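Heads up, model.txt below (compact mmCIF, C-alpha atoms):
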```txt
# COMPACT_ATOMS: atom_id res chain seq x y z
CA MET A 1 55.40 124.44 99.06
CA ASN A 2 52.13 124.30 97.19
CA THR A 3 51.20 120.67 96.51
CA SER A 4 47.60 121.35 95.50
CA SER A 5 48.40 120.89 91.79
CA PHE A 6 48.98 117.19 92.48
CA HIS A 7 45.48 116.88 93.96
CA PRO A 8 43.04 118.67 91.64
CA SER A 9 40.11 118.06 93.96
CA THR A 10 41.63 120.28 96.65
CA ASP A 11 41.52 123.35 94.38
CA PRO A 12 38.68 125.65 95.48
CA GLU A 13 37.50 126.18 91.90
CA ASP A 14 36.96 122.44 91.36
CA GLN A 15 35.37 121.89 94.74
CA LEU A 16 32.98 124.81 94.36
CA ALA A 17 31.78 123.59 90.95
CA GLY A 18 31.27 120.10 92.38
CA PHE A 19 28.79 121.37 94.97
CA GLU A 20 25.98 118.77 95.08
CA PRO A 21 23.67 119.38 98.03
CA ALA A 22 20.66 117.16 98.70
CA VAL A 23 17.89 118.96 96.83
CA ARG A 24 14.28 118.30 95.97
CA PRO A 25 12.23 119.45 92.97
CA PRO A 26 9.85 122.38 93.35
CA THR A 27 6.14 121.82 93.81
CA PHE A 28 3.39 123.82 92.14
CA GLU A 29 -0.29 124.49 92.43
CA PRO A 30 -2.32 123.83 89.25
CA SER A 31 -1.71 126.77 86.90
CA ASP A 32 -3.09 127.71 83.47
CA VAL A 33 -2.54 124.28 81.91
CA SER A 34 -2.19 121.02 83.86
CA TYR A 35 -1.26 117.84 82.06
CA VAL A 36 -0.35 114.22 82.56
CA VAL A 37 0.95 111.54 80.22
CA GLU A 38 -0.75 108.23 80.79
CA ASP A 39 -0.24 104.70 79.48
CA THR A 40 -3.65 103.34 78.51
CA PRO A 41 -4.83 100.09 76.87
CA ILE A 42 -5.07 102.01 73.57
CA GLY A 43 -1.68 103.72 73.82
CA ARG A 44 0.20 106.53 75.51
CA MET A 45 -2.04 109.59 75.88
CA LEU A 46 -1.53 113.16 76.99
CA LEU A 47 -4.45 114.64 78.95
CA ALA A 48 -4.58 118.37 79.64
CA ARG A 49 -7.05 120.79 81.20
CA ASN A 50 -7.15 124.57 81.59
CA ALA A 51 -7.43 126.66 84.76
CA SER A 52 -11.22 126.36 84.79
CA GLY A 53 -10.96 122.57 84.65
CA ALA A 54 -12.17 122.15 81.05
CA MET A 55 -10.30 119.52 79.03
CA VAL A 56 -8.21 121.09 76.26
CA ALA A 57 -6.29 118.04 75.03
CA SER A 58 -6.64 114.29 74.96
CA SER A 59 -4.10 113.16 72.39
CA PHE A 60 -2.13 110.11 71.42
CA THR A 61 1.54 110.80 72.12
CA PRO A 62 3.57 107.66 71.34
CA ASP A 63 6.90 109.41 72.01
CA THR A 64 8.30 112.56 73.60
CA ASP A 65 8.37 114.37 70.25
CA ALA A 66 4.61 113.95 69.95
CA GLU A 67 4.24 114.96 73.60
CA ASP A 68 6.33 118.12 73.11
CA ALA A 69 4.33 119.04 70.00
CA VAL A 70 1.08 119.02 72.01
CA LEU A 71 2.67 120.96 74.88
CA GLU A 72 4.02 123.58 72.47
CA ARG A 73 0.56 124.01 70.95
CA LEU A 74 -0.97 124.40 74.42
CA SER A 75 1.72 126.89 75.37
CA ARG A 76 0.85 129.05 72.36
CA ALA A 77 -2.93 128.64 72.33
CA VAL A 78 -3.72 128.69 76.07
CA SER A 79 -0.77 129.84 78.18
CA PRO A 80 2.94 129.02 78.56
CA ARG A 81 2.24 128.19 82.21
CA VAL A 82 2.06 124.51 81.37
CA LEU A 83 2.80 122.16 84.26
CA ARG A 84 2.82 118.39 84.72
CA MET A 85 0.19 117.86 87.41
CA PRO A 86 -1.01 114.24 87.56
CA ALA A 87 -3.24 114.87 90.59
CA ALA A 88 -5.14 117.63 88.78
CA LEU A 89 -6.18 115.06 86.15
CA ASP A 90 -7.13 112.27 88.58
CA ASP A 91 -10.87 112.35 87.89
CA VAL A 92 -10.35 112.25 84.11
CA ARG A 93 -7.80 109.43 84.38
CA HIS A 94 -10.27 107.41 86.43
CA GLN A 95 -13.09 108.09 83.99
CA LEU A 96 -10.87 107.15 81.06
CA ASP A 97 -9.80 103.95 82.80
CA ASP A 98 -13.43 103.05 83.56
CA TYR A 99 -14.46 103.84 80.00
CA LEU A 100 -11.65 101.76 78.48
CA HIS A 101 -12.71 98.80 80.63
CA GLY A 102 -16.38 99.04 79.75
CA ARG A 103 -17.47 100.42 83.13
CA LEU A 104 -18.38 103.90 81.86
CA ARG A 105 -20.33 104.97 78.79
CA GLU A 106 -20.27 108.76 79.02
CA PHE A 107 -17.65 111.16 80.27
CA SER A 108 -18.69 113.88 82.66
CA VAL A 109 -16.02 116.47 81.88
CA ARG A 110 -16.24 119.89 80.29
CA THR A 111 -14.29 120.38 77.08
CA ASP A 112 -12.77 123.46 75.47
CA LEU A 113 -11.94 123.33 71.76
CA VAL A 114 -9.18 125.92 72.03
CA LEU A 115 -6.84 123.72 69.94
CA ALA A 116 -9.47 123.16 67.24
CA THR A 117 -10.05 124.87 63.89
CA ASP A 118 -13.30 126.72 63.18
CA PHE A 119 -14.55 123.76 61.15
CA GLN A 120 -13.67 121.32 63.93
CA ARG A 121 -15.67 123.52 66.31
CA VAL A 122 -18.70 122.78 64.15
CA VAL A 123 -18.03 119.11 63.44
CA LEU A 124 -16.86 117.79 66.81
CA PRO A 125 -19.78 119.02 68.98
CA ARG A 126 -22.23 117.75 66.34
CA LEU A 127 -20.46 114.38 66.42
CA ALA A 128 -20.61 114.17 70.21
CA ALA A 129 -24.28 115.13 70.24
CA SER A 130 -25.44 112.80 67.49
CA VAL A 131 -23.33 109.62 67.45
CA HIS A 132 -23.78 107.85 70.77
CA TYR A 133 -22.04 105.02 72.59
CA GLY A 134 -22.05 101.85 70.48
CA GLU A 135 -23.25 103.66 67.34
CA ARG A 136 -21.34 104.34 64.12
CA ALA A 137 -21.70 106.97 61.42
CA THR A 138 -19.97 107.53 58.10
CA TYR A 139 -17.97 110.61 57.17
CA GLY A 140 -20.68 111.43 54.58
CA GLU A 141 -23.47 111.18 57.16
CA LEU A 142 -21.66 113.49 59.54
CA ALA A 143 -20.99 115.93 56.68
CA THR A 144 -24.74 116.01 55.99
CA ARG A 145 -25.46 116.62 59.68
CA VAL A 146 -23.29 119.76 59.63
CA SER A 147 -25.03 120.90 56.41
CA ARG A 148 -21.96 120.29 54.25
CA PRO A 149 -23.05 117.12 52.40
CA SER A 150 -20.17 117.27 49.92
CA ALA A 151 -17.51 117.77 52.60
CA ALA A 152 -16.98 114.15 53.68
CA ARG A 153 -13.23 114.48 53.06
CA ALA A 154 -12.96 117.70 55.09
CA VAL A 155 -14.93 116.03 57.87
CA GLY A 156 -12.43 113.17 57.77
CA ALA A 157 -9.54 115.61 58.12
CA ALA A 158 -11.30 117.46 60.97
CA LEU A 159 -11.81 114.20 62.87
CA GLY A 160 -8.29 113.00 62.12
CA ALA A 161 -6.87 116.05 63.92
CA ASN A 162 -9.32 115.82 66.84
CA PRO A 163 -7.60 117.46 69.86
CA LEU A 164 -9.93 115.63 72.26
CA CYS A 165 -9.68 111.98 71.21
CA VAL A 166 -11.98 109.49 72.97
CA LEU A 167 -13.68 112.32 74.91
CA LEU A 168 -15.17 113.51 71.61
CA PRO A 169 -15.78 110.16 69.89
CA CYS A 170 -14.23 110.49 66.43
CA HIS A 171 -13.54 106.73 66.57
CA ARG A 172 -17.26 106.14 65.89
CA VAL A 173 -16.97 107.51 62.36
CA VAL A 174 -16.05 105.03 59.61
CA ALA A 175 -15.96 104.88 55.80
CA SER A 176 -19.20 104.26 53.91
CA SER A 177 -17.81 100.81 53.03
CA GLY A 178 -17.66 100.09 56.76
CA ALA A 179 -13.86 100.12 56.74
CA LEU A 180 -12.31 101.71 59.81
CA THR A 181 -10.00 103.87 57.64
CA GLY A 182 -7.68 105.92 59.90
CA TYR A 183 -7.33 106.96 63.53
CA ALA A 184 -4.88 109.21 65.37
CA GLY A 185 -4.18 106.40 67.83
CA GLY A 186 -3.81 103.78 65.10
CA LEU A 187 -6.35 101.35 63.69
CA ALA A 188 -5.83 98.88 66.53
CA ALA A 189 -6.97 101.54 69.00
CA LYS A 190 -10.02 102.37 66.88
CA GLU A 191 -10.91 98.69 66.66
CA TYR A 192 -10.48 98.29 70.44
CA LEU A 193 -12.86 101.20 71.08
CA LEU A 194 -15.52 100.05 68.60
CA ASP A 195 -15.38 96.44 69.86
CA LEU A 196 -15.57 97.65 73.45
CA GLU A 197 -18.62 99.78 72.74
CA SER A 198 -20.44 97.13 70.69
CA SER A 199 -19.86 94.45 73.33
CA THR A 200 -21.03 96.61 76.26
CA ALA A 201 -23.67 98.70 74.45
CA MET B 1 4.10 138.74 67.16
CA GLY B 2 5.36 137.78 70.63
CA VAL B 3 8.08 135.31 71.45
CA ARG B 4 7.33 131.61 71.50
CA LEU B 5 7.70 130.60 75.10
CA PRO B 6 8.34 126.90 75.70
CA PRO B 7 5.97 125.10 78.08
CA PHE B 8 7.05 126.06 81.60
CA GLN B 9 7.45 122.41 82.57
CA HIS B 10 10.41 122.20 80.16
CA LEU B 11 12.17 124.91 82.19
CA VAL B 12 11.46 123.06 85.41
CA ASP B 13 12.75 119.74 84.04
CA ALA B 14 15.88 121.31 82.56
CA HIS B 15 16.88 123.66 85.37
CA TRP B 16 15.39 122.68 88.73
CA ARG B 17 18.63 121.09 89.91
CA ASP B 18 20.71 124.18 89.06
CA VAL B 19 18.20 126.49 90.74
CA ALA B 20 18.25 124.31 93.86
CA ARG B 21 22.08 124.13 93.93
CA LEU B 22 22.39 127.91 93.70
CA ALA B 23 19.67 128.43 96.32
CA HIS B 24 21.49 126.06 98.68
CA ALA B 25 24.87 127.67 98.00
CA LEU B 26 23.49 131.15 98.75
CA ALA B 27 20.99 130.41 101.51
CA GLY B 28 22.27 127.18 103.07
CA PRO B 29 20.53 123.85 103.62
CA VAL B 30 17.94 125.26 106.03
CA ASP B 31 16.55 127.98 103.74
CA GLY B 32 17.73 126.60 100.39
CA ASP B 33 14.57 124.68 99.53
CA ASP B 34 12.34 127.63 100.48
CA VAL B 35 14.40 130.03 98.39
CA ALA B 36 14.27 127.68 95.38
CA GLN B 37 10.53 127.22 95.80
CA GLN B 38 10.02 130.97 96.01
CA ALA B 39 12.16 131.53 92.91
CA TRP B 40 10.00 129.08 90.93
CA ALA B 41 6.81 130.77 92.10
CA GLN B 42 8.14 134.17 91.00
CA ALA B 43 9.35 132.80 87.68
CA LEU B 44 5.98 131.15 86.98
CA ALA B 45 4.14 134.39 87.79
CA ALA B 46 6.34 136.49 85.48
CA TYR B 47 6.77 133.92 82.70
CA PRO B 48 3.97 134.88 80.26
CA ARG B 49 5.28 138.47 80.12
CA LEU B 50 8.83 137.42 79.28
CA ARG B 51 9.97 139.02 76.01
CA SER B 52 13.03 136.92 75.21
CA THR B 53 13.84 133.24 75.42
CA THR B 54 17.55 133.57 74.61
CA ASN B 55 18.76 132.68 78.09
CA LEU B 56 16.05 131.22 80.26
CA ARG B 57 18.60 129.52 82.51
CA SER B 58 20.28 132.85 83.40
CA TRP B 59 16.85 134.39 83.94
CA LEU B 60 15.89 131.65 86.43
CA LEU B 61 19.21 131.78 88.28
CA THR B 62 19.08 135.58 88.53
CA ILE B 63 15.62 135.30 90.11
CA THR B 64 17.01 132.65 92.47
CA HIS B 65 19.84 134.97 93.50
CA ARG B 66 17.35 137.79 94.18
CA CYS B 67 15.16 135.52 96.29
CA ALA B 68 18.18 134.37 98.28
CA MET B 69 19.21 137.97 98.94
CA ASP B 70 15.67 138.87 100.03
CA ALA B 71 15.64 135.92 102.42
CA HIS B 72 19.09 136.90 103.70
CA ARG B 73 18.06 140.52 104.34
CA GLY B 74 14.80 139.44 105.95
CA ARG B 75 16.68 137.10 108.27
CA ALA B 76 19.28 139.73 109.19
CA ARG B 77 16.54 142.32 109.86
CA ARG B 78 14.59 139.98 112.09
CA ALA B 79 17.72 139.09 114.02
CA VAL B 80 18.61 142.67 114.99
CA PRO B 81 16.82 143.95 118.09
CA HIS B 82 15.77 147.57 117.55
CA ASP B 83 15.79 148.82 121.14
CA ASP B 84 19.44 148.22 121.86
CA PRO B 85 21.92 150.55 120.06
CA ALA B 86 24.82 148.38 121.16
CA SER B 87 23.38 145.44 119.25
CA LEU B 88 23.76 147.31 115.95
CA ALA B 89 27.50 146.95 116.30
CA ALA B 90 26.95 143.20 116.60
CA ALA B 91 24.94 143.00 113.35
CA PRO B 92 27.81 141.52 111.26
CA ALA B 93 28.01 138.66 113.71
CA THR B 94 24.31 138.00 113.13
CA VAL B 95 24.86 137.83 109.40
CA ALA B 96 27.79 135.49 109.89
CA ALA B 97 25.52 133.29 112.00
CA ALA B 98 23.06 133.08 109.12
CA ASP B 99 25.90 132.20 106.77
CA SER B 100 27.03 129.40 109.01
CA ALA B 101 23.99 127.52 107.70
CA LEU B 102 25.99 126.85 104.53
CA PRO B 103 26.99 123.27 103.63
CA ASP B 104 29.00 121.70 106.38
CA THR B 105 32.33 121.34 104.62
CA ASP B 106 35.51 123.19 105.39
CA LEU B 107 35.55 124.98 102.06
CA TRP B 108 31.92 126.07 102.23
CA ARG B 109 32.33 127.20 105.81
CA ARG B 110 35.13 129.45 104.58
CA VAL B 111 33.01 130.62 101.63
CA GLY B 112 30.41 131.60 104.23
CA GLU B 113 33.02 133.77 105.95
CA LEU B 114 33.78 135.75 102.77
CA PRO B 115 32.34 139.26 102.39
CA ASP B 116 28.73 139.02 101.09
CA ARG B 117 29.42 140.13 97.52
CA GLN B 118 32.43 137.85 97.12
CA ARG B 119 30.37 134.96 98.45
CA GLU B 120 27.52 135.73 96.01
CA ALA B 121 29.91 136.11 93.09
CA VAL B 122 31.53 132.76 93.90
CA ALA B 123 28.16 130.98 93.98
CA LEU B 124 26.98 132.64 90.75
CA LYS B 125 30.22 131.71 88.98
CA TYR B 126 31.04 128.23 90.23
CA VAL B 127 27.69 126.77 91.30
CA ALA B 128 25.43 128.49 88.76
CA ASP B 129 28.13 128.58 86.05
CA LEU B 130 27.02 132.05 84.87
CA ASP B 131 29.16 134.39 82.75
CA HIS B 132 30.57 137.65 84.05
CA PRO B 133 28.08 139.98 82.33
CA THR B 134 25.23 138.03 83.96
CA ILE B 135 26.96 137.91 87.35
CA ALA B 136 27.68 141.62 87.15
CA LYS B 137 24.04 142.38 86.33
CA ALA B 138 22.83 140.27 89.26
CA LEU B 139 25.22 142.03 91.62
CA GLY B 140 24.60 145.48 90.15
CA CYS B 141 28.27 146.06 89.31
CA SER B 142 30.59 146.01 86.28
CA PRO B 143 31.94 142.76 84.81
CA ALA B 144 35.42 143.96 85.79
CA MET B 145 34.25 144.23 89.40
CA SER B 146 32.67 140.77 89.35
CA ARG B 147 35.99 139.32 88.11
CA ARG B 148 37.75 141.18 90.88
CA LEU B 149 35.34 139.86 93.52
CA ILE B 150 36.00 136.30 92.38
CA SER B 151 39.77 136.59 92.18
CA ASP B 152 39.83 138.16 95.66
CA ALA B 153 37.61 135.37 96.96
CA LEU B 154 39.78 132.66 95.40
CA ALA B 155 42.91 134.28 96.81
CA THR B 156 41.40 134.14 100.28
CA LEU B 157 40.20 130.55 99.86
CA ARG B 158 43.57 129.40 98.57
CA LYS B 159 45.55 131.30 101.17
CA ASP B 160 45.39 128.76 103.97
CA LEU B 161 44.93 125.56 102.04
CA PRO B 162 46.47 122.62 103.90
```
The structure in this file should be written as C-alpha cells.
Amino acid sequence: MNTSSFHPSTDPEDQLAGFEPAVRPPTFEPSDVSYVVEDTPIGRMLLARNASGAMVASSFTPDTDAEDAVLERLSRAVSPRVLRMPAALDDVRHQLDDYLHGRLREFSVRTDLVLATDFQRVVLPRLAASVHYGERATYGELATRVSRPSAARAVGAALGANPLCVLLPCHRVVASSGALTGYAGGLAAKEYLLDLESSTA
Amino acid sequence: MGVRLPPFQHLVDAHWRDVARLAHALAGPVDGDDVAQQAWAQALAAYPRLRSTTNLRSWLLTITHRCAMDAHRGRARRAVPHDDPASLAAAPATVAAADSALPDTDLWRRVGELPDRQREAVALKYVADLDHPTIAKALGCSPAMSRRLISDALATLRKDLP
C-alpha cells in the first residue's frame, strides 16, 4: 500500500525541489567596471572605476533605485561587465574618507568622463583646474572661463549632473548672490564640503 | 541598436544561489563550488556578446550544466587507465564513484545511481526549475524525450520508496 500521499515530503518531486546544499557565492577578479556603495558623512555614494583604474562614477545614490540607475548607465556606456568589488576601490574610499575629515586636500586618482556630455567634458576639467580647495566661483565666472559667458545656466546644469561628484569639485560653484543653490547630494552636503574646505584651507 | 544588458552584478545577485544548487546537484559537494565558479567565469566572458536578455536565468543554468558535464567527463577520463584493456569494462563503475559525491541523502544517492541523462534531466527540472524546451536543448534531445527521461527517473525513484 502506498502511503506516500499522506507524507508529501517523502515524494521524490518535493524532495528534489527542496534541495538546499551549503553553497557560497562566486568570486570574481576586477572586470570592466568595479564599484562599491559607501556610506559617507555626506550621504550614500556609489564609486566606480574602469578596467584601467580611472574613476568613471562618484555619485550620490540615496536608494537602490538611484544606485541601479548609475549601474545601468555604466553598463551601457562602459561595459555590462559591472561587478561589486569593494577591494578594487579601497584606495579611493580611503582618500574620500581622508578628504571628508579634512586630512586630504587633493585626490590622486585618474578620472574618465565617459558618463559626461560633450559640454561637461569642457566644463568639468576647467572647474577642476581653476577652482581650488577652499575657493569658490560663481556659475557666471565658470561660464566665462570656458568662453561661454552667457551660458551660466547651462554651466549650472552641467555641474548639477556631474558624474564625478567631490572628485571634480562642483560643490565649489555657487550663485552670484553667494547662495549655495543646488547640489546632487543635497544642500547639507554642499554646505558640509564648503565648511570643511574653508576651515582647513 | 544592441540589446540593453543589465549590469552583470544584477545577474549574480539574482541567480547565484540557483547556479550553485544546480552545480551541486550535478557535480556533488566536492566539485560543486568549482563548477559554479567556472560557470560564472564563462558567463562573464561571454556576457557582452549576448544578443537577448529574455531568459538570462536559463542561459546561466545551461552554462552551469555544460560546465558540470565537462567536469564529469574530465574526471571520468582521468580515472580510466589507458594501458589496461580490462579496465575499460570497469569504466561505468568509475563514473558511479564520481556520482557518489552527490549529497549524502538516500534520495540523492539514488539519483546518483540513475543513468546520466535521467540524472541530468532531474536536476535541470527539479533543482533548476527549467522548462522542457530548455532542458531538451541542454541535453540535445527533443522535449518529448526530456519528459520521458524524467518520468522514467521518477518511476525508478518511487519504485522502492519505504
Exercise. Which neighbours of Val155 (chain A) fall inside 8 Å, counting all atoms listed in the file, when residues of the same chain fewer than 3 positions from it are skipped, and could you give them as JSON, numbers by chain?
Worked result: {"A": [123, 139, 142, 143, 151, 152, 158, 159]}
Can you check which parts of chain A lie within 6 Å of chain B? Per residue, the shortest pair of atoms and distance in Å to one decimal, counting all atoms listed in the file, sorted by chain and number, as JSON lines.
```
{"residue": "A:Leu16", "atom": "CA", "partner": "B:Tyr126", "partner_atom": "CA", "distance": 5.7}
{"residue": "A:Ala17", "atom": "CA", "partner": "B:Tyr126", "partner_atom": "CA", "distance": 4.8}
{"residue": "A:Pro26", "atom": "CA", "partner": "B:Gln37", "partner_atom": "CA", "distance": 5.5}
{"residue": "A:Ser75", "atom": "CA", "partner": "B:Pro7", "partner_atom": "CA", "distance": 5.3}
{"residue": "A:Pro80", "atom": "CA", "partner": "B:Pro7", "partner_atom": "CA", "distance": 5.0}
{"residue": "A:Arg81", "atom": "CA", "partner": "B:Phe8", "partner_atom": "CA", "distance": 5.3}
{"residue": "A:Val82", "atom": "CA", "partner": "B:Pro7", "partner_atom": "CA", "distance": 5.1}
{"residue": "A:Leu83", "atom": "CA", "partner": "B:Gln9", "partner_atom": "CA", "distance": 5.0}
```
Could you give me the centre and size, in Å to one decimal, of an axis-aligned box around all listed atoms of region 48-65 of chain B with 6 Å added on every side, as lines of an AutoDock Vina configuration file?
```
center_x = 12.1
center_y = 134.3
center_z = 84.1
size_x = 28.3
size_y = 21.5
size_z = 30.9
```
For this session: Counting all atoms listed in the file, figure out which residue out of B:Ala136, B:Val35, B:Cys141, B:Leu50 gets nearest to Met69 (chain B).
Result: B:Val35
Exercise. Within 12 Å of Arg84 (chain A), counting all atoms listed in the file, which residues qualify if same-chain residues fewer than 4 places away don't, as a list in words?
Worked result: Pro26, Thr27, Phe28, Glu29, Pro30, Ser31, Asp32, Val33, Ser34, Tyr35, Val36, Val37, Glu38, Leu46, Leu47, Ala48, Arg49, Glu67, Leu71, Ala88 and Leu89 of chain A; Pro7, Phe8, Gln9, His10, Leu11, Val12 and Asp13 of chain B
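CA of Thr117 (chain A) is found 26.8 Å from CA of Gly134 (chain A).
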For this session: Dump as number ranges by chain all residues having an atom at most 9 Å from (20.4, 134.1, 89.7), computed in the file's coordinates with all atoms listed in the file.
Result: B: 19, 22-23, 57-68, 124, 128, 130, 134-135, 138
Exercise. What would the list of residues within 8 Å of (-10.5, 115.8, 81.1) (file frame) look like as a list in words, if all atoms listed in the file are what count?
Worked result: Leu47, Ala48, Arg49, Gly53, Ala54, Met55, Val56, Ala57, Ser58, Leu89, Asp91, Val92, Arg93, Val109, Arg110, Thr111 and Leu167 of chain A
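Using only C-alpha atoms, the contacts of Gly178 (chain A) at a cut-off of 10 Å, with sequence neighbours closer than 6 positions omitted, comprise Arg136, Ala137 and Thr138 of chain A.
Taking CA of Arg172 (chain A) and CA of Arg73 (chain A) as the two end points, the separation is 25.7 Å.
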Problem set entry | Residues within 6 Å of Lys190 (chain A), all atoms listed in the file, excluding chain neighbours under 3 positions, as a VMD selection string | chain A and resid 171 187 193
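Taking CA of Pro21 (chain A) and CA of His72 (chain B) as endpoints, the distance between them is 19.0 Å.
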